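Engineer: One structure is given below, represented as structure tokens, and several questions about it will come after.
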Amino acid sequence: MRIPFETVKAELKRVMMEAGLSEEQAEICAQTHAESSCDGVYSHGVNRVPRFIRYIRKGWVNINGKPELIKASGCLENYDGNLGIGIINAKLSMNRACELAEKYGIGVVCLRNTTHWMRGGTYAWDAAKKGYMAICWTNTESAMPAWGAKTPSVGNNPFCIGIPSKKHDPLVLDMAMSQYSYGKLQVLRLKGEQLPFPGGYDTEGNITSDPGEIEKTMRMFPMGYWKGSGMAIALNIAAAVLANGKATYALDKVGKGSCGECCQIFIAINPYIFSTEEEVEEIFEGTIKQLSEVERIDPDKPVTYPGQRTVRTRKYSIENGVEVDESIWKEIQSL
């Protein structure tokens, strides 16, 4: 089913205010969740709201918690998120990283003891729209097996990069270290669809494209197999060290749901320190031209850079309504 964007946002805002958020908090969170679904990231948009409300009710999200500066060194700052609302903590952190980049050319904000930031790409988009390059990632509790293991032992640790352009839509890469995120598995399961490529193991130990089976076993493939496993481990340690917070093994013991007390890193960079605006646009133009001229596997499917299809989905959703799973929408309306 498709629902007008403003209707989706208004209903999400109502639910969040019912859960105790201030109007300002509810406005930011509802806008962000609605935008995620509008962009086609349903798993961390509307679909994630019921879980967010449950976490508030369980006390796993402190709606009064705000980032607290612990230590600063030049262009780097370290904050304690006080288990505040993940979206708001992350937006404040990326905004601060951009402010530091304005002063130093690069800004790094390291955040510990925060909660799920929902769609990680949101903050790369935010920075890119302001004209900054962005790199951000989070660690998580164990969500998939390390390469060679059967039981979950590493996080899927989403990683994002944003690159601005004044003539084109920003490049925004947003990916988990698993081949498919749990959110993607949920979306396809709700639609009754299979994964386009095998994504993990079923309960009998067979490789499968059935999202529901992979959800049961939690034996999903790391992205790029051993490479994704290695990246997940490295990103986890880097986040915990820089933020002086909890690594995956410690998050596993916390027991506060998905990403409770996690660490996140936000980096903003002025792209025009060593390159002129003209040179940046020339790089974009050359890349787009090269991708447009390659021989396609499917002639009807253009080869794009990360973020291009997101913009097309956003435009379609604004014109035709945001796609929402009917069962999820009914659950939200009942909250």
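FYI, nothing fancy with the structure tokens labels: chains A, B, ... in order, residues from 1 per chain, ligands from 1 as they appear.
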When you look at Glu326 of chain A with a cut-off of 8 Å (counting only C-alpha atoms), what residues show up, excluding the ones that are within fewer than 3 positions of it in the same chain? I need them as a PDB file with C-alpha atoms, in the first residue's frame.

Structural biologist:
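Everything below was put into around24.pdb:
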```pdb
ATOM      1  CA  MET A   1       0.000   0.000   0.000  1.00  0.00           C
ATOM      2  CA  TRP A 329       1.006   0.225   9.276  1.00  0.00           C
ATOM      3  CA  LYS A 330      -1.804  -1.383  11.267  1.00  0.00           C
TER       4      LYS A 330
END
```

Engineer: Got a sec: who's within 10 Å of segment 202-210 of chain A, counting only C-alpha atoms, leaving out chain neighbours fewer than 5 positions off, as a ChimeraX atom specification?

Structural biologist: /A:150,185,188-189,192-197,215-221

Engineer: Write out as a Markdown table a residue-level contact list of segment 75-180 of chain A versus segment 255-279 of chain A with cut-off 9 Å: for each qualifying residue the closest pair of atoms and the distance in Å to one decimal, counting only C-alpha atoms, rows sorted by chain and residue number upward.

Structural biologist:
```
| residue | atom | partner | partner_atom | distance |
| --- | --- | --- | --- | --- |
| A:Gly81 | CA | A:Glu261 | CA | 8.3 |
| A:Asn82 | CA | A:Glu261 | CA | 8.4 |
| A:Leu83 | CA | A:Glu261 | CA | 6.4 |
| A:Ala90 | CA | A:Gln264 | CA | 8.1 |
| A:Ser93 | CA | A:Phe266 | CA | 6.6 |
| A:Met94 | CA | A:Phe266 | CA | 5.7 |
| A:Asn95 | CA | A:Ala268 | CA | 8.8 |
| A:Arg96 | CA | A:Ala268 | CA | 9.0 |
| A:Ala97 | CA | A:Ala268 | CA | 5.4 |
| A:Cys98 | CA | A:Ala268 | CA | 5.3 |
| A:Glu99 | CA | A:Ala268 | CA | 8.6 |
| A:Leu100 | CA | A:Ala268 | CA | 7.9 |
| A:Ala101 | CA | A:Ile269 | CA | 5.6 |
| A:Glu102 | CA | A:Asn270 | CA | 7.1 |
| A:Tyr104 | CA | A:Asn270 | CA | 8.8 |
| A:Gly105 | CA | A:Asn270 | CA | 5.2 |
| A:Ile106 | CA | A:Ile269 | CA | 4.4 |
| A:Gly107 | CA | A:Ala268 | CA | 5.2 |
| A:Val108 | CA | A:Ile267 | CA | 4.5 |
| A:Val109 | CA | A:Phe266 | CA | 5.1 |
| A:Cys110 | CA | A:Ile265 | CA | 4.7 |
| A:Leu111 | CA | A:Gln264 | CA | 5.1 |
| A:Arg112 | CA | A:Cys263 | CA | 4.3 |
| A:Asn113 | CA | A:Glu261 | CA | 3.9 |
| A:Thr114 | CA | A:Glu261 | CA | 4.9 |
| A:Thr115 | CA | A:Gly260 | CA | 4.9 |
| A:His116 | CA | A:Cys259 | CA | 5.1 |
| A:Trp117 | CA | A:Cys259 | CA | 8.4 |
| A:Tyr123 | CA | A:Phe266 | CA | 8.4 |
| A:Ala124 | CA | A:Ala268 | CA | 8.9 |
| A:Ala127 | CA | A:Ala268 | CA | 7.0 |
| A:Ala128 | CA | A:Ala268 | CA | 9.0 |
| A:Gly131 | CA | A:Asn270 | CA | 7.5 |
| A:Tyr132 | CA | A:Asn270 | CA | 5.2 |
| A:Met133 | CA | A:Ile269 | CA | 5.0 |
| A:Ala134 | CA | A:Ala268 | CA | 4.6 |
| A:Ile135 | CA | A:Ile267 | CA | 5.0 |
| A:Cys136 | CA | A:Phe266 | CA | 4.5 |
| A:Trp137 | CA | A:Ile265 | CA | 5.5 |
| A:Thr138 | CA | A:Gln264 | CA | 4.2 |
| A:Asn139 | CA | A:Cys263 | CA | 5.7 |
| A:Thr140 | CA | A:Cys259 | CA | 5.0 |
| A:Glu141 | CA | A:Cys259 | CA | 6.1 |
| A:Ile163 | CA | A:Pro271 | CA | 8.1 |
| A:Pro164 | CA | A:Pro271 | CA | 8.0 |
| A:Ser165 | CA | A:Glu277 | CA | 8.6 |
| A:Lys166 | CA | A:Glu277 | CA | 8.2 |
```

Engineer: Go ahead and compute the interatomic distance for atom CA of Leu171 of chain A and atom CA of Thr122 of chain A, in Å to one decimal.

Structural biologist: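 We find that atom CA of Leu171 of chain A and atom CA of Thr122 of chain A lie 12.4 Å from each other.
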
Engineer: May I have all residues of segment 31-225 of chain A that DSSP, computed from the backbone, assigns to strand (DSSP E), given as a ChimeraX atom specification?

Structural biologist: /A:68-73,76-80,106-114,133-138,144-145,152-154,159-163,171-175,200-201,207-208

Engineer: So which one's closest to Asp39 of chain A, A:Gly121, A:Gly183, A:Pro211, A:Pro170? Using only C-alpha atoms, please.

Structural biologist: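 Between A:Gly121, A:Gly183, A:Pro211, A:Pro170, the residue approaching Asp39 of chain A most closely is A:Gly121.
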
Engineer: Within 12 Å of segment 301-304 of chain A, counting only C-alpha atoms, which residues qualify if same-chain residues fewer than 4 places away don't, as a ChimeraX atom specification?

Structural biologist: /A:169,171-173,284,287-297,308-312

Engineer: Using C-alpha atoms, can you export the residues from the last selection as an mmCIF file, in the first residue's frame?

Structural biologist:
```
data_model
loop_
_atom_site.group_PDB
_atom_site.id
_atom_site.type_symbol
_atom_site.label_atom_id
_atom_site.label_comp_id
_atom_site.auth_asym_id
_atom_site.auth_seq_id
_atom_site.Cartn_x
_atom_site.Cartn_y
_atom_site.Cartn_z
ATOM 1 C CA ASP A 169 22.966 14.359 -6.620
ATOM 2 C CA LEU A 171 27.081 9.992 -3.906
ATOM 3 C CA VAL A 172 25.936 8.183 -0.760
ATOM 4 C CA LEU A 173 27.013 4.632 0.008
ATOM 5 C CA PHE A 284 31.807 13.375 -11.003
ATOM 6 C CA THR A 287 32.621 8.842 -13.435
ATOM 7 C CA ILE A 288 29.015 9.244 -14.573
ATOM 8 C CA LYS A 289 30.093 9.178 -18.218
ATOM 9 C CA GLN A 290 32.115 6.001 -17.725
ATOM 10 C CA LEU A 291 29.226 4.218 -15.963
ATOM 11 C CA SER A 292 26.752 5.291 -18.641
ATOM 12 C CA GLU A 293 28.901 3.870 -21.442
ATOM 13 C CA VAL A 294 29.574 0.388 -20.057
ATOM 14 C CA GLU A 295 27.980 -2.696 -21.605
ATOM 15 C CA ARG A 296 25.029 -3.622 -19.396
ATOM 16 C CA ILE A 297 23.951 -7.081 -18.286
ATOM 17 C CA GLN A 308 21.235 7.745 -7.752
ATOM 18 C CA ARG A 309 18.505 5.137 -7.433
ATOM 19 C CA THR A 310 17.657 6.469 -3.977
ATOM 20 C CA VAL A 311 16.856 9.860 -5.475
ATOM 21 C CA ARG A 312 14.617 8.260 -8.120
#
```

Engineer: If you run DSSP on the backbone here, which positions in segment 79-274 of chain A get alpha helix (DSSP H)? Please write them as number ranges by chain.

Structural biologist: A: 86-104, 121-129, 182-191, 211-217, 226-243, 248-254

Engineer: Figure out the distance between atom CA of Ile332 of chain A and atom CA of Gly20 of chain A, please, to one decimal in Å.

Structural biologist: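 Straight-line distance from atom CA of Gly20 of chain A to atom CA of Ile332 of chain A works out to 15.4 Å.
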
Engineer: So that I can see what lies close to Arg314 of chain A, please list as a list in words the residues with an atom at most 12 Å from it, counting only C-alpha atoms and leaving out residues fewer than 5 positions away in the same chain.

Structural biologist: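 Answer for this query is Phe5, Ala34, Glu35, Ser36, Ser37, Cys38, Asp39, Gly40, Val41, Tyr42, Gly307, Gln308, Arg309, Glu319, Asn320, Gly321, Val322 and Glu323 of chain A.
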
Engineer: Output N, CA and C atoms of each residue in that selection to a file, as a CSV table (one decimal), in the first residue's frame.

Structural biologist:
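So out_29.csv came out as:
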```csv
chain,number,residue,atom,x,y,z
A,5,PHE,N,3.3,11.0,1.9
A,5,PHE,CA,4.4,11.3,2.8
A,5,PHE,C,4.0,12.0,4.0
A,34,ALA,N,10.2,8.7,8.1
A,34,ALA,CA,9.4,8.8,6.9
A,34,ALA,C,10.3,9.0,5.7
A,35,GLU,N,11.4,9.7,5.8
A,35,GLU,CA,12.3,9.9,4.7
A,35,GLU,C,13.0,8.6,4.3
A,36,SER,N,13.3,7.8,5.3
A,36,SER,CA,14.0,6.5,5.0
A,36,SER,C,13.1,5.6,4.2
A,37,SER,N,11.8,5.5,4.6
A,37,SER,CA,10.9,4.7,3.8
A,37,SER,C,10.6,5.4,2.4
A,38,CYS,N,10.6,6.7,2.4
A,38,CYS,CA,10.4,7.4,1.1
A,38,CYS,C,11.5,7.1,0.2
A,39,ASP,N,12.7,6.9,0.7
A,39,ASP,CA,13.9,6.6,-0.1
A,39,ASP,C,14.0,5.2,-0.5
A,40,GLY,N,13.1,4.3,0.0
A,40,GLY,CA,13.2,2.9,-0.3
A,40,GLY,C,13.9,2.1,0.8
A,41,VAL,N,14.3,2.7,1.9
A,41,VAL,CA,14.9,2.0,3.0
A,41,VAL,C,13.9,1.7,4.0
A,42,TYR,N,12.9,0.8,3.7
A,42,TYR,CA,11.8,0.5,4.5
A,42,TYR,C,12.1,-0.1,5.8
A,307,GLY,N,23.4,6.1,-4.5
A,307,GLY,CA,22.6,7.3,-4.2
A,307,GLY,C,21.7,7.7,-5.4
A,308,GLN,N,22.1,7.3,-6.6
A,308,GLN,CA,21.2,7.7,-7.8
A,308,GLN,C,19.9,7.1,-7.7
A,309,ARG,N,19.8,5.8,-7.5
A,309,ARG,CA,18.5,5.1,-7.4
A,309,ARG,C,17.7,5.6,-6.2
A,319,GLU,N,5.6,11.6,-5.3
A,319,GLU,CA,4.5,11.7,-6.3
A,319,GLU,C,3.4,10.7,-6.1
A,320,ASN,N,3.7,9.5,-5.7
A,320,ASN,CA,2.8,8.4,-5.7
A,320,ASN,C,2.4,7.9,-4.3
A,321,GLY,N,3.1,8.4,-3.3
A,321,GLY,CA,2.9,7.8,-1.9
A,321,GLY,C,4.0,6.9,-1.5
A,322,VAL,N,4.3,6.9,-0.2
A,322,VAL,CA,5.3,6.1,0.4
A,322,VAL,C,4.8,4.6,0.5
A,323,GLU,N,5.7,3.7,0.0
A,323,GLU,CA,5.3,2.3,0.2
A,323,GLU,C,5.4,1.8,1.6
```
